$ cat data-v1.txt   # compact mmCIF, C-alpha atoms (C1' of nucleotides)
# COMPACT_ATOMS: atom_id res chain seq x y z
CA MET X 61 97.66 89.97 94.08
CA SER X 62 93.99 89.48 94.39
CA ASN X 63 90.69 91.09 93.78
CA LYS X 64 89.45 89.83 97.10
CA HIS X 65 89.34 92.21 99.98
CA THR X 66 92.40 90.72 101.51
CA ALA X 67 93.65 94.19 102.27
CA GLN X 68 94.93 94.47 105.80
CA ALA X 69 92.31 96.02 107.98
CA GLY X 70 91.98 99.62 107.07
CA CYS X 71 94.89 100.44 104.80
CA PRO X 72 93.35 102.45 101.99
CA VAL X 73 96.25 101.87 99.60
CA LEU X 74 96.07 98.10 99.99
CA TYR X 75 92.33 98.32 99.61
CA ALA X 76 92.74 100.31 96.41
CA LEU X 77 95.18 97.73 95.08
CA SER X 78 92.75 94.97 95.94
CA LEU X 79 90.29 96.63 93.57
CA ILE X 80 92.65 97.19 90.65
CA GLY X 81 95.49 94.77 91.33
CA GLY X 82 94.38 91.94 89.07
CA LYS X 83 96.61 91.41 86.07
CA TRP X 84 94.03 92.62 83.54
CA HIS X 85 92.08 95.13 85.59
CA LEU X 86 94.19 98.12 84.73
CA PRO X 87 94.49 97.32 81.02
CA VAL X 88 90.69 97.08 80.86
CA ILE X 89 90.25 100.34 82.75
CA TRP X 90 92.82 101.96 80.51
CA ALA X 91 91.01 100.88 77.35
CA LEU X 92 87.70 102.17 78.69
CA SER X 93 89.25 105.48 79.73
CA ARG X 94 90.37 106.06 76.15
CA HIS X 95 87.24 104.90 74.33
CA LYS X 96 84.53 105.82 76.83
CA LEU X 97 82.19 103.07 75.64
CA LEU X 98 83.11 99.62 74.35
CA ARG X 99 81.35 96.37 73.54
CA TYR X 100 82.70 93.05 74.73
CA ASN X 101 84.52 92.16 71.55
CA GLU X 102 85.84 95.67 71.02
CA LEU X 103 87.28 95.47 74.50
CA LYS X 104 88.83 92.13 73.70
CA ARG X 105 90.51 93.55 70.62
CA ASN X 106 91.76 96.57 72.55
CA VAL X 107 93.28 94.64 75.41
CA CYS X 108 95.99 92.75 73.60
CA GLY X 109 96.39 89.13 74.62
CA ILE X 110 93.44 88.79 76.96
CA THR X 111 91.30 85.65 76.79
CA ASN X 112 87.52 85.38 77.16
CA MET X 113 88.03 83.82 80.54
CA MET X 114 90.16 86.66 81.87
CA LEU X 115 88.15 89.41 80.25
CA SER X 116 84.76 88.29 81.54
CA GLN X 117 86.20 87.71 84.98
CA SER X 118 87.86 91.12 85.10
CA LEU X 119 84.67 92.79 83.89
CA LYS X 120 82.65 91.04 86.56
CA ASP X 121 85.11 92.01 89.28
CA LEU X 122 85.25 95.62 88.19
CA GLU X 123 81.49 95.81 87.93
CA ASN X 124 81.02 94.27 91.38
CA ASN X 125 83.37 96.88 92.77
CA GLY X 126 81.49 99.66 91.05
CA LEU X 127 84.27 100.81 88.77
CA ILE X 128 82.58 100.01 85.48
CA LYS X 129 79.00 100.02 84.26
CA ARG X 130 77.51 97.20 82.19
CA VAL X 131 74.49 97.85 79.97
CA GLN X 132 72.86 94.92 78.25
CA TYR X 133 70.52 95.27 75.29
CA ASN X 134 68.29 92.28 74.70
CA GLU X 135 68.67 92.11 70.96
CA ILE X 136 69.63 89.49 68.44
CA PRO X 137 72.59 89.35 68.23
CA PRO X 138 73.28 90.32 71.86
CA ARG X 139 74.87 93.67 72.60
CA VAL X 140 76.55 94.68 75.84
CA GLU X 141 78.29 97.98 76.41
CA TYR X 142 80.84 98.79 79.08
CA SER X 143 81.96 102.14 80.41
CA LEU X 144 83.63 103.64 83.45
CA THR X 145 81.50 104.81 86.36
CA GLU X 146 82.13 107.98 88.32
CA ALA X 147 84.17 105.90 90.74
CA GLY X 148 86.17 104.46 87.87
CA LEU X 149 86.81 107.87 86.36
CA SER X 150 87.88 109.25 89.72
CA LEU X 151 90.69 106.72 89.78
CA LEU X 152 92.44 108.20 86.77
CA PRO X 153 94.19 111.10 88.57
CA ALA X 154 95.74 108.66 91.02
CA LEU X 155 96.89 106.47 88.14
CA ASP X 156 98.44 109.52 86.51
CA GLU X 157 100.39 110.27 89.65
CA LEU X 158 101.61 106.68 89.81
CA ALA X 159 102.47 106.77 86.11
CA LYS X 160 104.61 109.87 86.56
CA TRP X 161 106.52 108.13 89.32
CA GLY X 162 106.82 105.00 87.20
CA VAL X 163 108.36 106.96 84.34
CA LYS X 164 110.94 108.49 86.65
CA GLN X 165 111.91 105.04 87.91
CA MET X 166 112.18 103.62 84.41
CA VAL X 167 114.68 106.22 83.31
CA ARG X 168 116.58 106.01 86.59
CA ILE X 169 117.20 102.28 86.32
CA MET J 290 101.56 90.35 91.87
CA SER J 291 105.24 90.09 91.23
CA ASN J 292 108.43 91.93 91.78
CA LYS J 293 109.65 90.86 88.37
CA HIS J 294 109.49 93.31 85.56
CA THR J 295 106.59 91.53 83.99
CA ALA J 296 105.03 94.88 83.24
CA GLN J 297 103.76 95.05 79.69
CA ALA J 298 106.22 96.90 77.55
CA GLY J 299 106.14 100.53 78.46
CA CYS J 300 103.16 100.99 80.75
CA PRO J 301 104.47 103.15 83.59
CA VAL J 302 101.65 102.22 85.96
CA LEU J 303 102.23 98.50 85.54
CA TYR J 304 105.92 99.12 85.93
CA ALA J 305 105.31 101.04 89.14
CA LEU J 306 103.17 98.22 90.46
CA SER J 307 105.87 95.72 89.59
CA LEU J 308 108.14 97.63 91.97
CA ILE J 309 105.74 97.91 94.89
CA GLY J 310 103.16 95.22 94.19
CA GLY J 311 104.57 92.49 96.40
CA LYS J 312 102.41 91.66 99.38
CA TRP J 313 104.80 93.15 101.94
CA HIS J 314 106.50 95.87 99.93
CA LEU J 315 104.07 98.61 100.80
CA PRO J 316 103.84 97.75 104.51
CA VAL J 317 107.65 97.92 104.68
CA ILE J 318 107.74 101.23 102.83
CA TRP J 319 105.01 102.56 105.05
CA ALA J 320 106.91 101.62 108.21
CA LEU J 321 110.07 103.27 106.91
CA SER J 322 108.19 106.40 105.90
CA ARG J 323 106.98 106.84 109.47
CA HIS J 324 110.20 106.00 111.29
CA LYS J 325 112.83 107.23 108.80
CA LEU J 326 115.41 104.72 110.00
CA LEU J 327 114.87 101.20 111.26
CA ARG J 328 116.95 98.14 112.06
CA TYR J 329 115.97 94.71 110.82
CA ASN J 330 114.21 93.59 113.98
CA GLU J 331 112.54 96.93 114.53
CA LEU J 332 111.16 96.62 111.05
CA LYS J 333 109.96 93.13 111.81
CA ARG J 334 108.13 94.33 114.88
CA ASN J 335 106.58 97.21 112.98
CA VAL J 336 105.30 95.17 110.08
CA CYS J 337 102.80 92.99 111.86
CA GLY J 338 102.77 89.36 110.80
CA ILE J 339 105.78 89.35 108.49
CA THR J 340 108.24 86.47 108.65
CA ASN J 341 112.03 86.61 108.32
CA MET J 342 111.76 85.04 104.89
CA MET J 343 109.32 87.61 103.58
CA LEU J 344 111.00 90.57 105.24
CA SER J 345 114.47 89.83 103.96
CA GLN J 346 113.11 89.12 100.50
CA SER J 347 111.12 92.34 100.40
CA LEU J 348 114.08 94.32 101.64
CA LYS J 349 116.29 92.83 98.96
CA ASP J 350 113.75 93.56 96.24
CA LEU J 351 113.23 97.12 97.37
CA GLU J 352 116.96 97.70 97.64
CA ASN J 353 117.60 96.26 94.18
CA ASN J 354 114.99 98.60 92.80
CA GLY J 355 116.58 101.55 94.56
CA LEU J 356 113.67 102.39 96.84
CA ILE J 357 115.43 101.73 100.14
CA LYS J 358 118.97 102.12 101.37
CA ARG J 359 120.75 99.46 103.41
CA VAL J 360 123.64 100.41 105.68
CA GLN J 361 125.56 97.66 107.39
CA TYR J 362 127.82 98.20 110.40
CA ASN J 363 130.36 95.47 110.97
CA GLU J 364 129.97 95.17 114.70
CA ILE J 365 129.26 92.39 117.12
CA PRO J 366 126.34 91.92 117.29
CA PRO J 367 125.60 92.91 113.70
CA ARG J 368 123.65 96.09 113.01
CA VAL J 369 121.90 96.98 109.79
CA GLU J 370 119.83 100.08 109.21
CA TYR J 371 117.24 100.64 106.53
CA SER J 372 115.77 103.87 105.21
CA LEU J 373 113.98 105.22 102.17
CA THR J 374 116.01 106.63 99.29
CA GLU J 375 115.02 109.74 97.34
CA ALA J 376 113.22 107.46 94.90
CA GLY J 377 111.37 105.80 97.75
CA LEU J 378 110.38 109.12 99.28
CA SER J 379 109.17 110.40 95.93
CA LEU J 380 106.65 107.58 95.84
CA LEU J 381 104.75 108.84 98.86
CA PRO J 382 102.69 111.53 97.09
CA ALA J 383 101.42 108.96 94.60
CA LEU J 384 100.53 106.65 97.47
CA ASP J 385 98.65 109.49 99.13
CA GLU J 386 96.62 110.03 96.00
CA LEU J 387 95.82 106.34 95.80
CA ALA J 388 94.95 106.31 99.49
CA LYS J 389 92.49 109.16 99.08
CA TRP J 390 90.78 107.25 96.30
CA GLY J 391 90.81 104.09 98.39
CA VAL J 392 89.08 105.85 101.26
CA LYS J 393 86.34 107.10 98.97
CA GLN J 394 85.75 103.58 97.69
CA MET J 395 85.65 102.12 101.19
CA VAL J 396 82.88 104.41 102.32
CA ARG J 397 81.00 103.99 99.03
CA ILE J 398 80.84 100.21 99.28
C1' DC W 195 121.15 90.18 115.46
C1' DT W 196 120.43 89.54 110.68
C1' DG W 197 119.40 86.93 107.72
C1' DC W 198 119.39 82.31 104.07
C1' DA W 199 117.95 77.31 102.49
C1' DT W 200 114.42 74.09 102.00
C1' DC W 201 110.16 72.45 101.37
C1' DC W 202 105.17 73.03 100.95
C1' DT W 203 100.63 75.20 99.88
C1' DC W 204 97.37 77.79 97.59
C1' DT W 205 95.45 80.57 94.14
C1' DA W 206 95.66 83.74 90.23
C1' DA W 207 96.23 83.01 85.61
C1' DG W 208 95.90 80.48 81.18
C1' DA W 209 94.34 76.87 77.60
C1' DT W 210 90.65 74.70 75.56
C1' DA W 211 86.20 73.68 74.45
C1' DC W 212 81.41 74.56 74.65
C1' DT W 213 76.51 77.36 74.95
C1' DG W 214 72.23 80.68 74.84
C1' DC K 252 77.88 88.19 70.07
C1' DA K 253 78.88 87.48 74.69
C1' DG K 254 80.09 84.81 77.54
C1' DT K 255 80.74 79.86 80.87
C1' DA K 256 82.84 75.16 82.43
C1' DT K 257 86.62 72.46 83.36
C1' DC K 258 91.27 71.38 83.85
C1' DT K 259 96.12 72.54 84.29
C1' DT K 260 100.10 75.20 85.68
C1' DA K 261 103.40 78.56 87.37
C1' DG K 262 105.03 81.07 91.01
C1' DA K 263 104.04 84.12 94.94
C1' DG K 264 103.61 83.44 99.52
C1' DG K 265 104.48 80.85 104.01
C1' DA K 266 106.45 77.60 107.87
C1' DT K 267 110.39 75.91 109.86
C1' DG K 268 115.03 75.35 110.96
C1' DC K 269 119.87 76.62 110.48
C1' DA K 270 124.07 79.96 110.04
C1' DG K 271 127.64 83.80 110.34
$ encode --input "data-v1.txt" --output "structure tokens"
Amino acid sequence: MSNKHTAQAGCPVLYALSLIGGKWHLPVIWALSRHKLLRYNELKRNVCGITNMMLSQSLKDLENNGLIKRVQYNEIPPRVEYSLTEAGLSLLPALDELAKWGVKQMVRI
Amino acid sequence: MSNKHTAQAGCPVLYALSLIGGKWHLPVIWALSRHKLLRYNELKRNVCGITNMMLSQSLKDLENNGLIKRVQYNEIPPRVEYSLTEAGLSLLPALDELAKWGVKQMVRI
DNA sequence: CTGCATCCTCTAAGATACTG
DNA sequence: CAGTATCTTAGAGGATGCAG
């Protein structure tokens, strides 16, 4: 799936998936939902297996779509902190609902 | 995204998306949720732009995962009817939740 | 009518190395 | 510390034609 707005004209569900459908988008969101505020390398340690390439790309996508907030401090060494925005936080109930369904399917199969 | 169970060990949301994340899976489910019962060609007409290849593959995936039911009548000409199972129907509330979130994001951006 | 087989394309994802 | 540049690859997605 893609982060592009390839969603068929006007389907909100497909649009939602276009925002969070990337392979690492949800793991990143999940890490931020647990820790509230994380620096780049903390995020990298929390999202097991992700590379710099994938992490920075996911962060950029999510920021462009307004789901996470990036705050950069011009210090030496550099410090950048990431957190969920209101829009990002508001996604969590929907994820919960999907998770509950997912659990039911896992036990069923 | 894929229909394979590539979901990281034990994340219910990723597992859920592995079941419905294919490009045409949700459009098919959506059509069946509106019409309850559809034949192959009716489905094809309802899901705008889908090819035979993609439709039959999506139907097979969804059936294997227990989200839709396939009933075949051995007549001439052949007749096959598709509908949502209990598991498929139980997905709809989660989709609604995701749709509500999607709508909010569409107006925000 | 309801599909399957084949071949092809395109892009998300990953590996590796490098920089301010 | 926080990323970027470049190259490669795997596989989802698609077009077309054939079959029971």
$ closest_residue --input "data-v1.txt" --among "X:Leu74, X:Val88, X:Met114, X:Cys108" --to "chain W" --atoms "only C-alpha atoms (C1' of nucleotides)"
X:Met114
$ closest_atom_pairs --input "data-v1.txt" --of "chain W" --to "chain J" --cutoff "12 Å" --atoms "only C-alpha atoms (C1' of nucleotides)" --output "JSON lines"
{"residue": "W:DC195", "atom": "C1'", "partner": "J:Pro367", "partner_atom": "CA", "distance": 5.5}
{"residue": "W:DT196", "atom": "C1'", "partner": "J:Tyr329", "partner_atom": "CA", "distance": 6.8}
{"residue": "W:DG197", "atom": "C1'", "partner": "J:Ser345", "partner_atom": "CA", "distance": 6.8}
{"residue": "W:DC198", "atom": "C1'", "partner": "J:Met342", "partner_atom": "CA", "distance": 8.1}
{"residue": "W:DA199", "atom": "C1'", "partner": "J:Met342", "partner_atom": "CA", "distance": 10.2}
{"residue": "W:DT200", "atom": "C1'", "partner": "J:Met342", "partner_atom": "CA", "distance": 11.6}
{"residue": "W:DT205", "atom": "C1'", "partner": "J:Met290", "partner_atom": "CA", "distance": 11.8}
{"residue": "W:DA206", "atom": "C1'", "partner": "J:Met290", "partner_atom": "CA", "distance": 9.0}
{"residue": "W:DA207", "atom": "C1'", "partner": "J:Met290", "partner_atom": "CA", "distance": 11.0}
$ closest_residue --input "data-v1.txt" --among "K:DC258, K:DC252, K:DA263, K:DC269" --to "chain J" --atoms "all atoms listed in the file"
K:DA263
$ atom_distance --input "data-v1.txt" --atom1 "CA of Ala388 in chain J" --atom2 "CA of Ala76 in chain X"
7.1 Å
$ interface_residues --input "data-v1.txt" --of "chain J" --to "chain X" --cutoff "12 Å" --atoms "all atoms listed in the file" --output "PyMOL selection string"
chain J and resi 290-292+294-316+318-319+336-338+353-356+375-398
$ decode --input "data-v1.txt" --residues "range 310-351 of chain J" --atoms "N, CA and C atoms" --output "tab-separated table (two decimals), in the first residue's frame"
chain	number	residue	atom	x	y	z
J	310	GLY	N	-5.95	-5.62	3.82
J	310	GLY	CA	-5.11	-4.58	3.27
J	310	GLY	C	-4.91	-4.62	1.76
J	311	GLY	N	-5.28	-5.69	1.12
J	311	GLY	CA	-5.14	-5.73	-0.33
J	311	GLY	C	-5.92	-4.61	-0.99
J	312	LYS	N	-5.47	-4.22	-2.16
J	312	LYS	CA	-6.04	-3.03	-2.80
J	312	LYS	C	-7.55	-3.14	-3.02
J	313	TRP	N	-8.03	-4.35	-3.33
J	313	TRP	CA	-9.44	-4.50	-3.68
J	313	TRP	C	-10.26	-5.16	-2.58
J	314	HIS	N	-9.64	-5.55	-1.51
J	314	HIS	CA	-10.37	-6.28	-0.47
J	314	HIS	C	-11.49	-5.44	0.14
J	315	LEU	N	-11.15	-4.21	0.49
J	315	LEU	CA	-12.18	-3.38	1.11
J	315	LEU	C	-13.29	-2.99	0.14
J	316	PRO	N	-12.98	-2.62	-1.10
J	316	PRO	CA	-14.06	-2.35	-2.04
J	316	PRO	C	-15.01	-3.54	-2.20
J	317	VAL	N	-14.46	-4.76	-2.22
J	317	VAL	CA	-15.31	-5.94	-2.34
J	317	VAL	C	-16.18	-6.10	-1.10
J	318	ILE	N	-15.56	-5.96	0.06
J	318	ILE	CA	-16.32	-6.07	1.31
J	318	ILE	C	-17.42	-5.02	1.37
J	319	TRP	N	-17.06	-3.82	0.94
J	319	TRP	CA	-18.01	-2.72	0.96
J	319	TRP	C	-19.22	-3.01	0.07
J	320	ALA	N	-18.95	-3.54	-1.12
J	320	ALA	CA	-20.05	-3.89	-2.03
J	320	ALA	C	-20.94	-4.95	-1.41
J	321	LEU	N	-20.34	-5.95	-0.81
J	321	LEU	CA	-21.12	-7.03	-0.20
J	321	LEU	C	-21.90	-6.55	1.02
J	322	SER	N	-21.35	-5.56	1.71
J	322	SER	CA	-22.05	-5.07	2.90
J	322	SER	C	-23.30	-4.29	2.51
J	323	ARG	N	-23.29	-3.72	1.30
J	323	ARG	CA	-24.47	-2.97	0.86
J	323	ARG	C	-25.52	-3.88	0.25
J	324	HIS	N	-25.06	-4.93	-0.49
J	324	HIS	CA	-26.01	-5.73	-1.25
J	324	HIS	C	-26.32	-7.09	-0.65
J	325	LYS	N	-25.59	-7.44	0.44
J	325	LYS	CA	-25.84	-8.71	1.14
J	325	LYS	C	-25.43	-9.94	0.33
J	326	LEU	N	-25.88	-10.01	-0.91
J	326	LEU	CA	-25.64	-11.21	-1.70
J	326	LEU	C	-25.41	-10.81	-3.15
J	327	LEU	N	-24.28	-11.23	-3.70
J	327	LEU	CA	-23.97	-10.84	-5.07
J	327	LEU	C	-23.34	-11.99	-5.84
J	328	ARG	N	-23.65	-12.06	-7.13
J	328	ARG	CA	-22.99	-13.03	-8.00
J	328	ARG	C	-21.69	-12.42	-8.51
J	329	TYR	N	-20.86	-13.27	-9.11
J	329	TYR	CA	-19.55	-12.83	-9.55
J	329	TYR	C	-19.62	-11.59	-10.44
J	330	ASN	N	-20.43	-11.64	-11.45
J	330	ASN	CA	-20.48	-10.51	-12.38
J	330	ASN	C	-21.16	-9.27	-11.80
J	331	GLU	N	-22.09	-9.49	-10.90
J	331	GLU	CA	-22.68	-8.34	-10.22
J	331	GLU	C	-21.62	-7.63	-9.38
J	332	LEU	N	-20.82	-8.45	-8.74
J	332	LEU	CA	-19.72	-7.91	-7.94
J	332	LEU	C	-18.77	-7.12	-8.83
J	333	LYS	N	-18.48	-7.68	-9.98
J	333	LYS	CA	-17.54	-7.02	-10.89
J	333	LYS	C	-18.10	-5.67	-11.34
J	334	ARG	N	-19.38	-5.62	-11.56
J	334	ARG	CA	-19.97	-4.35	-11.98
J	334	ARG	C	-20.00	-3.35	-10.83
J	335	ASN	N	-20.13	-3.86	-9.62
J	335	ASN	CA	-20.22	-2.96	-8.47
J	335	ASN	C	-18.86	-2.39	-8.05
J	336	VAL	N	-17.83	-3.20	-8.23
J	336	VAL	CA	-16.51	-2.71	-7.85
J	336	VAL	C	-15.85	-2.15	-9.10
J	337	CYS	N	-15.96	-0.84	-9.22
J	337	CYS	CA	-15.57	-0.15	-10.45
J	337	CYS	C	-14.08	-0.29	-10.72
J	338	GLY	N	-13.75	-0.81	-11.91
J	338	GLY	CA	-12.37	-0.85	-12.34
J	338	GLY	C	-11.64	-2.16	-12.06
J	339	ILE	N	-12.28	-3.07	-11.35
J	339	ILE	CA	-11.59	-4.31	-11.00
J	339	ILE	C	-11.59	-5.26	-12.20
J	340	THR	N	-10.51	-6.03	-12.31
J	340	THR	CA	-10.41	-7.01	-13.39
J	340	THR	C	-10.78	-8.39	-12.86
J	341	ASN	N	-10.99	-9.34	-13.77
J	341	ASN	CA	-11.28	-10.71	-13.36
J	341	ASN	C	-10.19	-11.26	-12.46
J	342	MET	N	-8.95	-11.02	-12.88
J	342	MET	CA	-7.80	-11.50	-12.11
J	342	MET	C	-7.89	-11.04	-10.67
J	343	MET	N	-8.02	-9.73	-10.50
J	343	MET	CA	-8.00	-9.14	-9.17
J	343	MET	C	-9.22	-9.55	-8.36
J	344	LEU	N	-10.38	-9.61	-9.03
J	344	LEU	CA	-11.59	-9.97	-8.30
J	344	LEU	C	-11.53	-11.40	-7.80
J	345	SER	N	-11.16	-12.32	-8.67
J	345	SER	CA	-11.14	-13.72	-8.23
J	345	SER	C	-10.08	-13.93	-7.16
J	346	GLN	N	-8.97	-13.22	-7.28
J	346	GLN	CA	-7.94	-13.36	-6.26
J	346	GLN	C	-8.39	-12.81	-4.91
J	347	SER	N	-9.03	-11.65	-4.96
J	347	SER	CA	-9.53	-11.06	-3.71
J	347	SER	C	-10.58	-11.94	-3.07
J	348	LEU	N	-11.46	-12.48	-3.90
J	348	LEU	CA	-12.51	-13.34	-3.36
J	348	LEU	C	-11.91	-14.58	-2.70
J	349	LYS	N	-10.89	-15.13	-3.34
J	349	LYS	CA	-10.26	-16.32	-2.78
J	349	LYS	C	-9.59	-15.99	-1.44
J	350	ASP	N	-8.86	-14.88	-1.42
J	350	ASP	CA	-8.21	-14.45	-0.18
J	350	ASP	C	-9.22	-14.28	0.94
J	351	LEU	N	-10.27	-13.53	0.63
J	351	LEU	CA	-11.26	-13.22	1.66
J	351	LEU	C	-11.97	-14.48	2.12
